Amino acid sequence: MSYNFVKKITVGKWETVIDPKAQYGAFEHDDFGEGGGLWFEDNVLVDYDGVYELPKNVIKGIEELGFNADYAKDDEDES
């Protein structure tokens, strides 16, 4: 499958890209290449892989692109 990552943002050293039609995205660190996949349903993050905890700058990027990233936030972030 080919993705059309029309939503792109860099926050800090983290680049986040999302294909809204496929409801799939990815993230990668500019220096280290660490990253993973992002899965959405109705523009809400429902899963991710590649890291144990999604970096805060990736969460921020997802939200700035207009998607909900509550799934990746721990309880302390939501208060």
# chains A, B, ... in the order shown; residues from 1 in each chain; ligands from 1
>>> residues_around(residues="segment 25-36 of chain A", least_positions_apart="6", cutoff="10 Å", atoms="only C-alpha atoms", output="PDB file with C-alpha atoms, in the first residue's frame")
ATOM      1  CA  TYR A   3       0.535   6.298   1.613  1.00  0.00           C
ATOM      2  CA  ASN A   4      -0.076   9.970   0.871  1.00  0.00           C
ATOM      3  CA  PHE A   5       1.376  11.784   3.875  1.00  0.00           C
ATOM      4  CA  LYS A   7      -0.110  16.159   6.983  1.00  0.00           C
ATOM      5  CA  LYS A   8       3.483  16.810   8.103  1.00  0.00           C
ATOM      6  CA  ILE A   9       5.021  18.581  11.055  1.00  0.00           C
ATOM      7  CA  THR A  10       8.338  18.737  12.883  1.00  0.00           C
ATOM      8  CA  VAL A  11       8.329  19.485  16.609  1.00  0.00           C
ATOM      9  CA  GLY A  12      11.772  19.580  18.157  1.00  0.00           C
ATOM     10  CA  LYS A  13      13.748  16.806  16.486  1.00  0.00           C
ATOM     11  CA  TRP A  14      10.665  14.661  15.771  1.00  0.00           C
ATOM     12  CA  GLU A  15       8.990  14.570  12.358  1.00  0.00           C
ATOM     13  CA  THR A  16       5.393  13.308  12.281  1.00  0.00           C
ATOM     14  CA  VAL A  17       3.504  12.504   9.066  1.00  0.00           C
ATOM     15  CA  ILE A  18      -0.116  11.390   8.637  1.00  0.00           C
ATOM     16  CA  ASP A  19      -2.200  10.119   5.729  1.00  0.00           C
ATOM     17  CA  LEU A  45      -4.983   7.783  17.754  1.00  0.00           C
ATOM     18  CA  TYR A  48       1.362   3.087  17.873  1.00  0.00           C
ATOM     19  CA  ASP A  49       4.534   1.036  17.688  1.00  0.00           C
ATOM     20  CA  GLY A  50       8.290   1.459  17.639  1.00  0.00           C
ATOM     21  CA  VAL A  51       8.655   2.926  21.136  1.00  0.00           C
ATOM     22  CA  LEU A  54       5.265   8.073  22.480  1.00  0.00           C
ATOM     23  CA  PRO A  55       7.546  11.144  22.751  1.00  0.00           C
ATOM     24  CA  VAL A  58       5.199  13.521  18.631  1.00  0.00           C
ATOM     25  CA  GLY A  61       2.680  17.242  16.529  1.00  0.00           C
ATOM     26  CA  ILE A  62      -0.299  14.878  16.206  1.00  0.00           C
TER      27      ILE A  62
END
>>> select_by_dssp(residues="chain A", states="alpha helix (DSSP H)", output="PyMOL selection string")
chain A and resi 56-64+75-78
>>> write_last_selection(atoms="N, CA and C atoms", output="PDB file, in the first residue's frame")
ATOM      1  N   LYS A  56       6.715  13.171  23.774  1.00  0.00           N
ATOM      2  CA  LYS A  56       5.804  14.311  23.941  1.00  0.00           C
ATOM      3  C   LYS A  56       5.756  15.198  22.695  1.00  0.00           C
ATOM      4  N   ASN A  57       6.882  15.351  21.991  1.00  0.00           N
ATOM      5  CA  ASN A  57       6.884  16.176  20.783  1.00  0.00           C
ATOM      6  C   ASN A  57       6.111  15.520  19.638  1.00  0.00           C
ATOM      7  N   VAL A  58       6.025  14.212  19.628  1.00  0.00           N
ATOM      8  CA  VAL A  58       5.199  13.521  18.631  1.00  0.00           C
ATOM      9  C   VAL A  58       3.723  13.724  18.974  1.00  0.00           C
ATOM     10  N   ILE A  59       3.382  13.589  20.247  1.00  0.00           N
ATOM     11  CA  ILE A  59       2.006  13.840  20.699  1.00  0.00           C
ATOM     12  C   ILE A  59       1.595  15.262  20.334  1.00  0.00           C
ATOM     13  N   LYS A  60       2.469  16.216  20.608  1.00  0.00           N
ATOM     14  CA  LYS A  60       2.180  17.615  20.286  1.00  0.00           C
ATOM     15  C   LYS A  60       1.970  17.788  18.776  1.00  0.00           C
ATOM     16  N   GLY A  61       2.814  17.161  17.978  1.00  0.00           N
ATOM     17  CA  GLY A  61       2.680  17.242  16.529  1.00  0.00           C
ATOM     18  C   GLY A  61       1.361  16.661  16.043  1.00  0.00           C
ATOM     19  N   ILE A  62       0.975  15.508  16.577  1.00  0.00           N
ATOM     20  CA  ILE A  62      -0.299  14.878  16.206  1.00  0.00           C
ATOM     21  C   ILE A  62      -1.448  15.843  16.476  1.00  0.00           C
ATOM     22  N   GLU A  63      -1.432  16.449  17.658  1.00  0.00           N
ATOM     23  CA  GLU A  63      -2.508  17.371  18.030  1.00  0.00           C
ATOM     24  C   GLU A  63      -2.487  18.640  17.180  1.00  0.00           C
ATOM     25  N   GLU A  64      -1.308  19.150  16.861  1.00  0.00           N
ATOM     26  CA  GLU A  64      -1.223  20.347  16.024  1.00  0.00           C
ATOM     27  C   GLU A  64      -1.705  20.074  14.602  1.00  0.00           C
ATOM     28  N   ASP A  75      -1.833   9.505  32.562  1.00  0.00           N
ATOM     29  CA  ASP A  75      -2.830  10.202  33.378  1.00  0.00           C
ATOM     30  C   ASP A  75      -2.371  11.577  33.836  1.00  0.00           C
ATOM     31  N   GLU A  76      -1.091  11.754  34.115  1.00  0.00           N
ATOM     32  CA  GLU A  76      -0.571  13.042  34.571  1.00  0.00           C
ATOM     33  C   GLU A  76      -0.683  14.114  33.490  1.00  0.00           C
ATOM     34  N   ASP A  77      -0.547  13.725  32.218  1.00  0.00           N
ATOM     35  CA  ASP A  77      -0.634  14.692  31.115  1.00  0.00           C
ATOM     36  C   ASP A  77      -2.038  15.226  30.929  1.00  0.00           C
ATOM     37  N   GLU A  78      -3.050  14.473  31.329  1.00  0.00           N
ATOM     38  CA  GLU A  78      -4.431  14.841  31.063  1.00  0.00           C
ATOM     39  C   GLU A  78      -5.023  15.752  32.113  1.00  0.00           C
TER      40      GLU A  78
END
>>> atom_distance(atom1="atom CA of Asn68 of chain A", atom2="atom CA of Val44 of chain A")
4.6 Å
>>> atom_distance(atom1="atom CA of Met1 of chain A", atom2="atom CA of Pro20 of chain A")
14.3 Å
>>> atom_distance(atom1="atom CA of Val6 of chain A", atom2="atom CA of Lys21 of chain A")
9.6 Å
>>> select_by_dssp(residues="chain A", states="strand (DSSP E or B)", output="PyMOL selection string")
chain A and resi 7-11+14-19+24-29+35-41+44-48+68
>>> write_last_selection(atoms="C-alpha atoms", output="JSON list (two decimals), in the first residue's frame")
[["chain", "number", "residue", "atom", "x", "y", "z"],
["A", 7, "LYS", "CA", -0.11, 16.16, 6.98],
["A", 8, "LYS", "CA", 3.48, 16.81, 8.10],
["A", 9, "ILE", "CA", 5.02, 18.58, 11.05],
["A", 10, "THR", "CA", 8.34, 18.74, 12.88],
["A", 11, "VAL", "CA", 8.33, 19.48, 16.61],
["A", 14, "TRP", "CA", 10.67, 14.66, 15.77],
["A", 15, "GLU", "CA", 8.99, 14.57, 12.36],
["A", 16, "THR", "CA", 5.39, 13.31, 12.28],
["A", 17, "VAL", "CA", 3.50, 12.50, 9.07],
["A", 18, "ILE", "CA", -0.12, 11.39, 8.64],
["A", 19, "ASP", "CA", -2.20, 10.12, 5.73],
["A", 24, "TYR", "CA", -2.11, 5.92, 9.25],
["A", 25, "GLY", "CA", 0.97, 7.90, 10.18],
["A", 26, "ALA", "CA", 4.58, 7.60, 11.21],
["A", 27, "PHE", "CA", 7.16, 9.45, 13.27],
["A", 28, "GLU", "CA", 10.95, 9.61, 13.21],
["A", 29, "HIS", "CA", 13.73, 11.34, 15.13],
["A", 35, "GLY", "CA", 10.49, 6.03, 15.10],
["A", 36, "GLY", "CA", 7.41, 3.98, 14.43],
["A", 37, "GLY", "CA", 3.87, 3.80, 13.12],
["A", 38, "LEU", "CA", 0.65, 5.56, 14.15],
["A", 39, "TRP", "CA", -2.87, 4.18, 13.65],
["A", 40, "PHE", "CA", -6.02, 6.29, 13.81],
["A", 41, "GLU", "CA", -9.79, 5.75, 13.73],
["A", 44, "VAL", "CA", -8.27, 9.58, 17.00],
["A", 45, "LEU", "CA", -4.98, 7.78, 17.75],
["A", 46, "VAL", "CA", -5.77, 4.17, 18.68],
["A", 47, "ASP", "CA", -2.34, 2.52, 18.53],
["A", 48, "TYR", "CA", 1.36, 3.09, 17.87],
["A", 68, "ASN", "CA", -6.60, 13.41, 18.97]]
